[in-house]
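Containing PDB, C-alpha atoms: target-v4.pdb.
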```
ATOM      1  CA  MET A   3      -8.618 -49.114  62.269
ATOM      2  CA  PRO A   4      -9.400 -45.429  62.998
ATOM      3  CA  TYR A   5      -8.879 -44.119  66.504
ATOM      4  CA  GLN A   6     -12.070 -44.017  68.571
ATOM      5  CA  PHE A   7     -12.283 -41.018  70.880
ATOM      6  CA  ASN A   8     -13.813 -41.575  74.307
ATOM      7  CA  PHE A   9     -14.017 -38.332  76.220
ATOM      8  CA  GLN A  10     -16.676 -39.667  78.551
ATOM      9  CA  ALA A  11     -14.121 -41.850  80.317
ATOM     10  CA  VAL A  12     -11.953 -38.796  80.965
ATOM     11  CA  LEU A  13     -14.745 -36.405  81.914
ATOM     12  CA  SER A  14     -16.070 -38.891  84.439
ATOM     13  CA  HIS A  15     -13.033 -37.919  86.523
ATOM     14  CA  TRP A  16     -14.007 -34.240  86.503
ATOM     15  CA  PRO A  17     -13.826 -33.859  90.335
ATOM     16  CA  LEU A  18     -10.149 -34.815  90.207
ATOM     17  CA  LEU A  19      -9.453 -32.439  87.325
ATOM     18  CA  ALA A  20     -11.407 -29.652  89.037
ATOM     19  CA  HIS A  21      -9.348 -30.148  92.199
ATOM     20  CA  GLY A  22      -6.140 -29.977  90.166
ATOM     21  CA  ALA A  23      -7.285 -26.774  88.459
ATOM     22  CA  TRP A  24      -8.123 -25.254  91.847
ATOM     23  CA  VAL A  25      -4.686 -26.157  93.240
ATOM     24  CA  THR A  26      -3.077 -24.577  90.170
ATOM     25  CA  LEU A  27      -4.998 -21.337  90.745
ATOM     26  CA  VAL A  28      -4.140 -21.290  94.450
ATOM     27  CA  LEU A  29      -0.447 -21.794  93.714
ATOM     28  CA  THR A  30      -0.546 -19.051  91.095
ATOM     29  CA  PHE A  31      -2.421 -16.629  93.365
ATOM     30  CA  TRP A  32       0.021 -16.798  96.257
ATOM     31  CA  ALA A  33       3.077 -16.935  94.007
ATOM     32  CA  THR A  34       1.866 -13.876  92.092
ATOM     33  CA  ILE A  35       1.381 -11.785  95.226
ATOM     34  CA  ALA A  36       4.592 -12.835  96.957
ATOM     35  CA  GLY A  37       6.566 -12.828  93.697
ATOM     36  CA  PHE A  38       5.504  -9.270  92.950
ATOM     37  CA  VAL A  39       6.615  -8.124  96.407
ATOM     38  CA  VAL A  40       9.972  -9.914  96.139
ATOM     39  CA  GLY A  41      10.540  -8.692  92.594
ATOM     40  CA  THR A  42       9.665  -5.093  93.434
ATOM     41  CA  LEU A  43      11.998  -5.069  96.438
ATOM     42  CA  CYS A  44      14.802  -6.465  94.274
ATOM     43  CA  ALA A  45      14.099  -3.875  91.577
ATOM     44  CA  VAL A  46      14.282  -1.071  94.141
ATOM     45  CA  ALA A  47      17.499  -2.548  95.524
ATOM     46  CA  ARG A  48      19.063  -2.698  92.057
ATOM     47  CA  THR A  49      18.070   0.853  91.120
ATOM     48  CA  SER A  50      18.578   2.825  94.328
ATOM     49  CA  GLY A  51      20.149   0.556  96.938
ATOM     50  CA  PRO A  52      23.756   0.532  98.188
ATOM     51  CA  VAL A  53      26.341  -1.197  96.021
ATOM     52  CA  TRP A  54      26.491  -4.358  98.135
ATOM     53  CA  LEU A  55      22.715  -4.730  98.001
ATOM     54  CA  GLN A  56      22.691  -4.143  94.236
ATOM     55  CA  ARG A  57      25.199  -6.965  93.813
ATOM     56  CA  ILE A  58      23.204  -9.377  95.969
ATOM     57  CA  ALA A  59      19.969  -8.594  94.124
ATOM     58  CA  GLY A  60      21.767  -8.817  90.779
ATOM     59  CA  ALA A  61      23.276 -12.198  91.659
ATOM     60  CA  TYR A  62      19.869 -13.535  92.713
ATOM     61  CA  VAL A  63      18.261 -12.401  89.469
ATOM     62  CA  GLU A  64      21.011 -13.842  87.269
ATOM     63  CA  VAL A  65      21.176 -17.203  89.067
ATOM     64  CA  ILE A  66      17.400 -17.745  89.045
ATOM     65  CA  ARG A  67      16.820 -16.557  85.489
ATOM     66  CA  ASN A  68      19.546 -18.854  84.177
ATOM     67  CA  THR A  69      18.489 -22.050  85.935
ATOM     68  CA  PRO A  70      15.350 -24.146  85.306
ATOM     69  CA  LEU A  71      12.331 -23.900  87.587
ATOM     70  CA  LEU A  72      12.402 -27.668  88.039
ATOM     71  CA  ILE A  73      15.947 -27.571  89.444
ATOM     72  CA  GLN A  74      14.935 -24.783  91.822
ATOM     73  CA  ALA A  75      11.902 -26.790  92.954
ATOM     74  CA  TYR A  76      14.013 -29.917  93.555
ATOM     75  CA  PHE A  77      16.478 -27.878  95.601
ATOM     76  CA  LEU A  78      13.847 -26.162  97.743
ATOM     77  CA  ILE A  79      11.652 -29.216  98.300
ATOM     78  CA  PHE A  80      14.068 -32.159  98.368
ATOM     79  CA  GLY A  81      17.404 -30.420  98.905
ATOM     80  CA  LEU A  82      16.299 -28.598 102.038
ATOM     81  CA  ALA A  83      14.546 -31.739 103.294
ATOM     82  CA  SER A  84      17.867 -33.603 103.174
ATOM     83  CA  THR A  85      19.310 -31.006 105.584
ATOM     84  CA  GLY A  86      16.421 -31.464 108.019
ATOM     85  CA  MET A  87      14.342 -28.477 106.867
ATOM     86  CA  ARG A  88      11.163 -30.249 105.817
ATOM     87  CA  LEU A  89       8.509 -28.118 104.140
ATOM     88  CA  PRO A  90       4.934 -29.143 103.302
ATOM     89  CA  ILE A  91       4.775 -29.879  99.587
ATOM     90  CA  MET A  92       2.438 -26.950  98.879
ATOM     91  CA  VAL A  93       4.622 -24.526 100.824
ATOM     92  CA  GLY A  94       7.690 -25.719  98.947
ATOM     93  CA  ALA A  95       5.859 -25.418  95.622
ATOM     94  CA  VAL A  96       4.750 -21.851  96.331
ATOM     95  CA  LEU A  97       8.252 -20.954  97.540
ATOM     96  CA  ALA A  98       9.784 -22.340  94.339
ATOM     97  CA  LEU A  99       7.373 -20.331  92.188
ATOM     98  CA  VAL A 100       7.977 -17.177  94.232
ATOM     99  CA  VAL A 101      11.748 -17.479  93.966
ATOM    100  CA  ASN A 102      11.451 -18.043  90.216
ATOM    101  CA  VAL A 103       8.923 -15.401  89.271
ATOM    102  CA  GLY A 104      10.431 -12.869  91.695
ATOM    103  CA  ALA A 105      13.592 -12.714  89.587
ATOM    104  CA  TYR A 106      11.650 -12.062  86.388
ATOM    105  CA  THR A 107       9.417  -9.536  88.125
ATOM    106  CA  ALA A 108      12.517  -7.726  89.353
ATOM    107  CA  GLU A 109      13.724  -7.117  85.806
ATOM    108  CA  VAL A 110      10.304  -6.020  84.575
ATOM    109  CA  MET A 111       9.863  -3.593  87.488
ATOM    110  CA  ARG A 112      13.437  -2.347  87.137
ATOM    111  CA  ALA A 113      12.688  -1.408  83.547
ATOM    112  CA  GLY A 114       9.573   0.428  84.702
ATOM    113  CA  ILE A 115      11.403   2.310  87.461
ATOM    114  CA  GLU A 116      14.241   3.308  85.156
ATOM    115  CA  SER A 117      11.713   4.639  82.637
ATOM    116  CA  ILE A 118      10.674   7.373  85.094
ATOM    117  CA  LYS A 119      12.521  10.544  84.143
ATOM    118  CA  ALA A 120      14.646  12.297  86.746
ATOM    119  CA  GLY A 121      12.840  15.544  85.997
ATOM    120  CA  GLN A 122       9.599  14.114  87.366
ATOM    121  CA  VAL A 123      11.286  13.214  90.649
ATOM    122  CA  GLU A 124      12.889  16.650  90.885
ATOM    123  CA  ALA A 125       9.571  18.354  90.187
ATOM    124  CA  ALA A 126       7.898  16.306  92.910
ATOM    125  CA  GLY A 127      10.611  17.354  95.340
ATOM    126  CA  CYS A 128      10.077  21.004  94.446
ATOM    127  CA  LEU A 129       6.377  20.596  95.272
ATOM    128  CA  GLY A 130       7.309  19.565  98.810
ATOM    129  CA  LEU A 131       6.503  15.866  98.605
ATOM    130  CA  THR A 132       8.310  13.596 101.041
ATOM    131  CA  GLN A 133      10.691  10.891  99.829
ATOM    132  CA  ARG A 134       8.064   8.252 100.599
ATOM    133  CA  GLN A 135       5.382  10.134  98.656
ATOM    134  CA  ILE A 136       7.736  10.631  95.726
ATOM    135  CA  PHE A 137       8.666   6.972  95.636
ATOM    136  CA  MET A 138       5.103   5.666  95.965
ATOM    137  CA  HIS A 139       3.239   8.123  93.725
ATOM    138  CA  VAL A 140       5.834   9.455  91.291
ATOM    139  CA  VAL A 141       8.115   6.440  90.808
ATOM    140  CA  LEU A 142       6.566   3.117  91.840
ATOM    141  CA  ARG A 143       2.934   3.552  90.770
ATOM    142  CA  PRO A 144       3.700   5.028  87.312
ATOM    143  CA  ALA A 145       6.411   2.388  86.818
ATOM    144  CA  MET A 146       3.956  -0.404  87.580
ATOM    145  CA  GLU A 147       1.394   1.212  85.303
ATOM    146  CA  ARG A 148       3.839   1.218  82.394
ATOM    147  CA  VAL A 149       4.848  -2.426  82.762
ATOM    148  CA  TYR A 150       1.467  -3.780  83.884
ATOM    149  CA  PRO A 151       0.751  -5.632  80.591
ATOM    150  CA  SER A 152       4.144  -7.335  80.849
ATOM    151  CA  LEU A 153       3.498  -8.292  84.465
ATOM    152  CA  ALA A 154       0.092  -9.727  83.595
ATOM    153  CA  SER A 155       1.601 -11.859  80.821
ATOM    154  CA  LEU A 156       4.399 -12.961  83.150
ATOM    155  CA  TYR A 157       1.970 -14.229  85.776
ATOM    156  CA  VAL A 158      -0.132 -16.032  83.180
ATOM    157  CA  LEU A 159       3.039 -17.800  82.059
ATOM    158  CA  LEU A 160       3.712 -18.568  85.710
ATOM    159  CA  MET A 161       0.394 -20.403  85.902
ATOM    160  CA  LEU A 162       1.204 -22.413  82.790
ATOM    161  CA  GLY A 163       4.734 -23.117  84.008
ATOM    162  CA  SER A 164       3.484 -24.448  87.326
ATOM    163  CA  SER A 165       2.750 -27.718  85.498
ATOM    164  CA  VAL A 166       6.400 -28.750  85.917
ATOM    165  CA  LEU A 167       5.814 -29.014  89.665
ATOM    166  CA  SER A 168       3.997 -32.275  89.039
ATOM    167  CA  ALA A 169       7.500 -33.755  88.727
ATOM    168  CA  VAL A 170       8.100 -33.092  92.444
ATOM    169  CA  GLY A 171       4.771 -34.524  93.568
ATOM    170  CA  VAL A 172       2.507 -31.467  93.564
ATOM    171  CA  GLU A 173      -1.104 -32.444  92.852
ATOM    172  CA  GLU A 174      -1.851 -29.508  90.538
ATOM    173  CA  LEU A 175      -3.734 -29.840  87.256
ATOM    174  CA  PHE A 176      -1.035 -31.635  85.282
ATOM    175  CA  GLY A 177      -0.234 -33.869  88.244
ATOM    176  CA  THR A 178      -3.834 -34.996  88.621
ATOM    177  CA  SER A 179      -4.072 -35.649  84.872
ATOM    178  CA  ASN A 180      -1.428 -38.346  85.285
ATOM    179  CA  ARG A 181      -3.789 -40.176  87.633
ATOM    180  CA  VAL A 182      -6.617 -39.851  85.106
ATOM    181  CA  GLN A 183      -4.377 -41.308  82.388
ATOM    182  CA  SER A 184      -3.486 -44.252  84.622
ATOM    183  CA  ALA A 185      -7.148 -44.904  85.327
ATOM    184  CA  THR A 186      -8.507 -44.536  81.772
ATOM    185  CA  TYR A 187      -5.577 -45.249  79.422
ATOM    186  CA  ARG A 188      -7.000 -42.468  77.209
ATOM    187  CA  ASN A 189      -3.853 -40.336  76.972
ATOM    188  CA  PHE A 190      -4.849 -38.425  73.840
ATOM    189  CA  GLU A 191      -8.224 -37.423  75.246
ATOM    190  CA  VAL A 192      -6.665 -36.466  78.584
ATOM    191  CA  PHE A 193      -4.246 -34.055  76.929
ATOM    192  CA  ILE A 194      -7.002 -32.512  74.820
ATOM    193  CA  VAL A 195      -9.149 -31.926  77.921
ATOM    194  CA  LEU A 196      -6.086 -30.663  79.770
ATOM    195  CA  GLY A 197      -5.348 -28.156  77.011
ATOM    196  CA  VAL A 198      -8.931 -26.871  77.081
ATOM    197  CA  ILE A 199      -8.818 -26.453  80.870
ATOM    198  CA  TYR A 200      -5.500 -24.575  80.720
ATOM    199  CA  LEU A 201      -6.940 -22.359  77.981
ATOM    200  CA  GLY A 202      -9.924 -21.616  80.213
ATOM    201  CA  LEU A 203      -7.674 -20.804  83.178
ATOM    202  CA  THR A 204      -5.629 -18.489  80.982
ATOM    203  CA  MET A 205      -8.733 -16.627  79.853
ATOM    204  CA  ILE A 206      -9.906 -16.283  83.451
ATOM    205  CA  MET A 207      -6.552 -14.871  84.532
ATOM    206  CA  ARG A 208      -6.347 -12.436  81.640
ATOM    207  CA  LEU A 209      -9.874 -11.202  82.339
ATOM    208  CA  THR A 210      -9.005 -10.817  86.024
ATOM    209  CA  PHE A 211      -5.860  -8.814  85.267
ATOM    210  CA  TRP A 212      -7.785  -6.670  82.791
ATOM    211  CA  ALA A 213     -10.449  -5.857  85.419
ATOM    212  CA  LEU A 214      -7.780  -5.255  88.058
ATOM    213  CA  GLY A 215      -5.985  -2.886  85.720
ATOM    214  CA  LEU A 216      -9.152  -0.840  85.265
ATOM    215  CA  ILE A 217      -9.382  -0.464  89.042
ATOM    216  CA  LEU A 218      -5.710   0.244  89.738
ATOM    217  CA  PHE A 219      -5.044   2.553  86.811
ATOM    218  CA  PRO A 220      -8.114   4.724  86.115
ATOM    219  CA  ARG A 221      -5.977   7.133  84.074
ATOM    220  CA  ARG A 222      -5.273   4.432  81.509
ATOM    221  CA  ARG A 223      -8.980   3.655  81.387
ATOM    222  CA  LYS A 224      -9.864   7.294  80.722
ATOM    223  CA  LEU A 225      -7.181   7.626  78.043
ATOM    224  CA  GLY A 226      -8.199   4.347  76.428
ATOM    225  CA  THR A 227      -4.685   2.919  76.782
ATOM    226  CA  PRO A 228      -4.627  -0.893  76.452
ATOM    227  CA  LEU A 229      -4.022  -2.767  79.707
TER     228      LEU A 229
END
```
Represent the structure contained in this file as structure tokens.
Amino acid sequence: MPYQFNFQAVLSHWPLLAHGAWVTLVLTFWATIAGFVVGTLCAVARTSGPVWLQRIAGAYVEVIRNTPLLIQAYFLIFGLASTGMRLPIMVGAVLALVVNVGAYTAEVMRAGIESIKAGQVEAAGCLGLTQRQIFMHVVLRPAMERVYPSLASLYVLLMLGSSVLSAVGVEELFGTSNRVQSATYRNFEVFIVLGVIYLGLTMIMRLTFWALGLILFPRRRKLGTPL
């Protein structure tokens, strides 16, 4: 007997799926902002900080990049709770994503910073720019401009990877889909709808990063360089 699709049963739970998609976007938004800040600070520490700070930043990057996000989430949400430090589930979820993506951002930004030639920094110094002006306008901004496509892809992957947080009780998109499956017993249809929603979220994020790139980097827009 051929399988009979019944998407209506799944789509009737659209408020639940919409809520899950919204939670996924909120998690991604805050994790992207905080993760970029953490990653940039670590990149600066690894490229121009004192030796002890370079080692701490390097250890953080290596530990996080070589352990699964799910383990990190369990540690931050359940591990800290066992010591008496109880965090709201959403706060713990954002913290886990920030810790994870911050390490990857650090390596991407470090590559961008190290791509800036020393001659550019020396020329800026000869023009009388302060150390802060040199760092912000000659090092950091051009570095971010060079690695912006990689950062955008990284944060899109962050959104997709946030689905593993359903394992620790976060009611994001994948977590809410489990409730829809339990209510409808239409697993195949649920995963098809889930894939379409994730595809839509990915397109929205890529369009947002593209528009943001046009605003942040007008030089690339004028030169026609892909963002």
At a cut-off of 9 Å, using only C-alpha atoms, what residues contact Val123 of chain A? Leave out same-chain residues fewer than 5 positions from it and give the result as an NGL selection string. :A and (118 or 128 or 136-137 or 140-141)
List, as a PyMOL selection string, every residue that the PyMOL selection byres ((chain A and resi 154-171) around 9) selects in the file provided. chain A and resi 26-27+29-31+33-34+71-72+75-76+79-80+91+95+99+102-103+106-107+149-153+172-178+180+200+203-204+207-208+211-212+229
Let me know the residues the PyMOL selection byres ((chain A and resi 60) around 12) catches in the file above, as a list in words. Gly41, Leu43, Cys44, Ala45, Val46, Ala47, Arg48, Thr49, Gly51, Val53, Trp54, Leu55, Gln56, Arg57, Ile58, Ala59, Ala61, Tyr62, Val63, Glu64, Val65, Ile66, Arg67, Ala105, Tyr106, Ala108, Glu109 and Arg112 of chain A
Those selected residues, please, written with C-alpha atoms and delivered as a CSV table (one decimal), in the coordinates of the input.
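In the end it all went to selection.csv:
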```csv
chain,number,residue,atom,x,y,z
A,41,GLY,CA,10.5,-8.7,92.6
A,43,LEU,CA,12.0,-5.1,96.4
A,44,CYS,CA,14.8,-6.5,94.3
A,45,ALA,CA,14.1,-3.9,91.6
A,46,VAL,CA,14.3,-1.1,94.1
A,47,ALA,CA,17.5,-2.5,95.5
A,48,ARG,CA,19.1,-2.7,92.1
A,49,THR,CA,18.1,0.9,91.1
A,51,GLY,CA,20.1,0.6,96.9
A,53,VAL,CA,26.3,-1.2,96.0
A,54,TRP,CA,26.5,-4.4,98.1
A,55,LEU,CA,22.7,-4.7,98.0
A,56,GLN,CA,22.7,-4.1,94.2
A,57,ARG,CA,25.2,-7.0,93.8
A,58,ILE,CA,23.2,-9.4,96.0
A,59,ALA,CA,20.0,-8.6,94.1
A,61,ALA,CA,23.3,-12.2,91.7
A,62,TYR,CA,19.9,-13.5,92.7
A,63,VAL,CA,18.3,-12.4,89.5
A,64,GLU,CA,21.0,-13.8,87.3
A,65,VAL,CA,21.2,-17.2,89.1
A,66,ILE,CA,17.4,-17.7,89.0
A,67,ARG,CA,16.8,-16.6,85.5
A,105,ALA,CA,13.6,-12.7,89.6
A,106,TYR,CA,11.6,-12.1,86.4
A,108,ALA,CA,12.5,-7.7,89.4
A,109,GLU,CA,13.7,-7.1,85.8
A,112,ARG,CA,13.4,-2.3,87.1
```
In Å, with one decimal, what is the gap from atom CA of Ile194 of chain A to atom CA of Gln74 of chain A?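 Spanning atom CA of Ile194 of chain A to atom CA of Gln74 of chain A is a straight-line distance of 28.8 Å.
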From A:Leu97, A:Ala113, A:Met205, A:Leu214, residue lying nearest Met146 of chain A [all atoms listed in the file]: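 Among the listed residues, the smallest separation from Met146 of chain A belongs to A:Ala113.
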Please report the interatomic distance between atom CA of Gly104 of chain A and atom CA of Leu216 of chain A in Å with one decimal.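 Computing the Euclidean distance for atom CA of Gly104 of chain A and atom CA of Leu216 of chain A yields 23.9 Å.
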I need the output of the PyMOL selection byres ((chain A and resi 190) around 12) for this file as an mmCIF file with C-alpha atoms, keeping the file's coordinate frame; which residues are they?
```
data_model
loop_
_atom_site.group_PDB
_atom_site.id
_atom_site.type_symbol
_atom_site.label_atom_id
_atom_site.label_comp_id
_atom_site.auth_asym_id
_atom_site.auth_seq_id
_atom_site.Cartn_x
_atom_site.Cartn_y
_atom_site.Cartn_z
ATOM 1 C CA TYR A 5 -8.879 -44.119 66.504
ATOM 2 C CA GLN A 6 -12.070 -44.017 68.571
ATOM 3 C CA PHE A 7 -12.283 -41.018 70.880
ATOM 4 C CA ASN A 8 -13.813 -41.575 74.307
ATOM 5 C CA PHE A 9 -14.017 -38.332 76.220
ATOM 6 C CA ALA A 11 -14.121 -41.850 80.317
ATOM 7 C CA VAL A 12 -11.953 -38.796 80.965
ATOM 8 C CA SER A 179 -4.072 -35.649 84.872
ATOM 9 C CA ASN A 180 -1.428 -38.346 85.285
ATOM 10 C CA VAL A 182 -6.617 -39.851 85.106
ATOM 11 C CA GLN A 183 -4.377 -41.308 82.388
ATOM 12 C CA THR A 186 -8.507 -44.536 81.772
ATOM 13 C CA TYR A 187 -5.577 -45.249 79.422
ATOM 14 C CA ARG A 188 -7.000 -42.468 77.209
ATOM 15 C CA ASN A 189 -3.853 -40.336 76.972
ATOM 16 C CA GLU A 191 -8.224 -37.423 75.246
ATOM 17 C CA VAL A 192 -6.665 -36.466 78.584
ATOM 18 C CA PHE A 193 -4.246 -34.055 76.929
ATOM 19 C CA ILE A 194 -7.002 -32.512 74.820
ATOM 20 C CA VAL A 195 -9.149 -31.926 77.921
ATOM 21 C CA LEU A 196 -6.086 -30.663 79.770
ATOM 22 C CA GLY A 197 -5.348 -28.156 77.011
#
```
Would you compute the distance between atom CA of Val96 of chain A and atom CA of Arg143 of chain A? Give it in Å to one decimal. 26.1 Å
Given all atoms listed in the file as the counted atoms, nearest of A:Trp24, A:Glu116, A:Leu82, A:Glu147 to Ser50 of chain A: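 Residue with the minimum atom-to-atom distance to Ser50 of chain A: A:Glu116.
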Determine the axis-aligned bounding box of all atoms of segment 68-71 of chain A present in the file, pad each side by 8 Å, and express its centre and edge lengths in Å to one decimal place as JSON.
```
{"center_x": 15.9, "center_y": -21.5, "center_z": 85.9, "size_x": 23.2, "size_y": 21.3, "size_z": 19.4}
```
